[in-house]
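The structure under discussion appears below in the form of structure tokens.
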Amino acid sequence: MLHLASQSPRRRQLLEQIGVEFAVLDVEVVEQRAPDEAPQEYVSRVARDKARAGLIRLGHADDVVVLGADTEVVLDDEVFGKPQDADAAAAMLRRLSGRTHAVVSAIWLVGTAREQCEVCVSQVRFATLDESTIAAYVATGEPFGKAGAYAIQGRGAMLVEHLQGSYSGVMGLPVFETARLLRGFGIAPG
Ligand SMILES: Cc1cn([C@H]2C[C@H](O)[C@@H](COP(=O)(O)OP(=O)(O)OP(=O)(O)O)O2)c(=O)[nH]c1=O
């Protein structure tokens with residue numbers, strides 16, 4: 001049985017999209033990058049921690065596989081997670097304005113006998129944003145709970161000039177890579 005160790009409604013929706021059956025698990029892990037940790041390694045580690053925490057919650061049952069995922073925005077080797085407040089959201093958007101950043105999404109499948117991962121990196125170019133555009137977007141509330149303070153699946157789409165990579169990966173669960181991982185575990189997406 002597949003379990004999704006995530007509270008994210010987007011991840012649930014994207015996994016439903018490919019027709020696999022799963023249950024949702026609540027897990028909490030600390031998301032703190034070590035000083036010398038490369039961004040992709042950090043994202044991958046957090047996704048793995050979520051999946052492993054899920055397996056522990058399930059008591060390491062033999063017939064379960066847990067999917068953990070993490071998504072972060074990376075600019076100039078700096079990792080932008082979810083903004084704490086409106087000022088932090090505006091500061092992130094100012095930094096992303098007129099530039100191309102990476103969105104790194106990692107997924108791990110963890111079972112008792114084996115674990116495997118995929119990391120998906122997309123490039124997103126933002127339009128140049130003026131202060132009133134940033135203030136209006138922050139006021140919608142959409143930046144909260146989103147890495148990099150925007151949602152490509154929402155009004156944030158208006159800020160994105162160009163995307164190279166995986167739209168679903170930017171949203172939090174790269175569907176192509178997820179399906180490939182699942183098949184490797186004998187879980188066939190419908
Ligand atoms: C860049 C971007 C991020 N996001 C979201 C995806 C993730 O949910 C979130 C990054 O935070 P995560 O820590 O990856 O995930 P989460 O806390 O939402 O969920 P969980 O840990 O329980 O699995 O940002 C979007 O929805 N749209 C976007 O365009």
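The chains in the structure tokens are called A, B, ... from first to last as shown; in each chain the residues are counted from 1, and the ligands are counted from 1 in the order shown.
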
Taking only C-alpha atoms and all ligand atoms and a cut-off of 9 Å, can you tell me which residues surround ligand 1, written as a PyMOL selection string? chain A and resi 4-11+25-29+31+43+46-47+50+68-73+81-82+103-106+143-154+156-157+167-173

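Counting only C-alpha atoms, Val74 in chain A has the following residues at most 6 Å away, ignoring those fewer than 3 positions along the same chain: A:Glu78, A:Val79, A:His101, A:Ala102.
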
Apply DSSP to the backbone of this structure and, from range 70-163 of chain A, keep only the residues in strand (DSSP E or B); write these as a ChimeraX atom specification. /A:70-75,78-80,100-111,115-126,160-163

Please return as a CSV table (one decimal) with C-alpha atoms, in the first residue's frame: the residues of chain A that backbone DSSP assigns to helix (DSSP H, G or I).
```
chain,number,residue,atom,x,y,z
A,9,PRO,CA,-3.1,19.4,-1.1
A,10,ARG,CA,-1.1,20.0,-4.3
A,11,ARG,CA,0.8,16.8,-3.9
A,12,ARG,CA,-2.4,14.8,-3.1
A,13,GLN,CA,-4.0,16.3,-6.2
A,14,LEU,CA,-1.0,15.5,-8.5
A,15,LEU,CA,-0.8,11.9,-7.2
A,16,GLU,CA,-4.6,11.5,-7.7
A,17,GLN,CA,-4.1,12.8,-11.3
A,39,PRO,CA,20.8,22.9,-2.2
A,40,GLN,CA,19.9,19.7,-4.0
A,41,GLU,CA,21.3,17.5,-1.3
A,42,TYR,CA,19.3,19.4,1.3
A,43,VAL,CA,16.0,19.1,-0.7
A,44,SER,CA,16.7,15.4,-1.2
A,45,ARG,CA,17.5,14.8,2.5
A,46,VAL,CA,14.3,16.5,3.6
A,47,ALA,CA,12.2,14.5,1.2
A,48,ARG,CA,13.9,11.3,2.5
A,49,ASP,CA,13.3,12.3,6.1
A,50,LYS,CA,9.6,12.8,5.4
A,51,ALA,CA,9.3,9.4,3.8
A,52,ARG,CA,11.4,7.6,6.5
A,53,ALA,CA,9.3,9.4,9.3
A,54,GLY,CA,6.2,8.0,7.6
A,55,LEU,CA,7.6,4.5,7.5
A,56,ILE,CA,8.4,4.7,11.3
A,57,ARG,CA,4.9,5.9,11.9
A,86,ALA,CA,4.4,39.3,4.4
A,87,ASP,CA,7.8,41.1,4.6
A,88,ALA,CA,9.7,37.9,4.0
A,89,ALA,CA,7.4,37.1,1.1
A,90,ALA,CA,7.9,40.6,-0.5
A,91,ALA,CA,11.7,40.3,0.0
A,92,MET,CA,11.8,36.9,-1.8
A,93,LEU,CA,9.7,38.2,-4.7
A,94,ARG,CA,12.0,41.2,-5.0
A,95,ARG,CA,15.0,38.9,-5.2
A,96,LEU,CA,13.3,36.7,-7.9
A,131,GLU,CA,6.6,47.3,-5.8
A,132,SER,CA,2.9,47.6,-6.4
A,133,THR,CA,2.7,44.2,-8.2
A,134,ILE,CA,4.6,42.6,-5.3
A,135,ALA,CA,2.4,44.2,-2.7
A,136,ALA,CA,-0.8,43.3,-4.5
A,137,TYR,CA,0.4,39.7,-4.9
A,138,VAL,CA,1.4,39.3,-1.3
A,139,ALA,CA,-2.0,40.8,-0.3
A,147,ALA,CA,8.5,27.9,-1.4
A,148,GLY,CA,9.8,31.1,-2.9
A,149,ALA,CA,6.6,32.9,-2.0
A,155,ARG,CA,-2.1,33.9,-9.7
A,156,GLY,CA,1.7,33.5,-9.5
A,157,ALA,CA,1.5,32.2,-13.1
A,158,MET,CA,1.3,35.9,-14.0
A,159,LEU,CA,4.8,36.4,-12.7
A,167,TYR,CA,5.3,22.3,-14.2
A,168,SER,CA,4.1,19.6,-11.7
A,169,GLY,CA,7.6,19.6,-10.2
A,170,VAL,CA,7.3,23.3,-9.5
A,171,MET,CA,3.9,22.7,-7.9
A,175,VAL,CA,4.5,13.6,-12.1
A,176,PHE,CA,6.8,12.0,-14.7
A,177,GLU,CA,9.5,11.2,-12.2
A,178,THR,CA,7.0,10.0,-9.6
A,179,ALA,CA,5.4,7.6,-12.1
A,180,ARG,CA,8.8,6.2,-13.0
A,181,LEU,CA,9.7,5.7,-9.4
A,182,LEU,CA,6.4,4.0,-8.6
A,183,ARG,CA,6.8,1.6,-11.5
A,184,GLY,CA,10.2,0.6,-10.2
```

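Our summary of the geometry notes that CA of Cys120 in chain A is positioned 11.3 Å from CA of Gln164 in chain A.
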
Gap from CA of Phe80 in chain A to CA of Ala38 in chain A - Å, one decimal: 13.2 Å

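If only C-alpha atoms are the atoms counted, then among A:Pro174, A:Glu161, A:Thr140, A:Phe185 the closest residue to Ile18 in chain A is A:Pro174.
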
Rounded to one decimal place, report the CA of Gly165 in chain A-CA of Val124 in chain A distance in Å.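 Taking CA of Gly165 in chain A as the start and CA of Val124 in chain A as the end point, the length is 8.4 Å.
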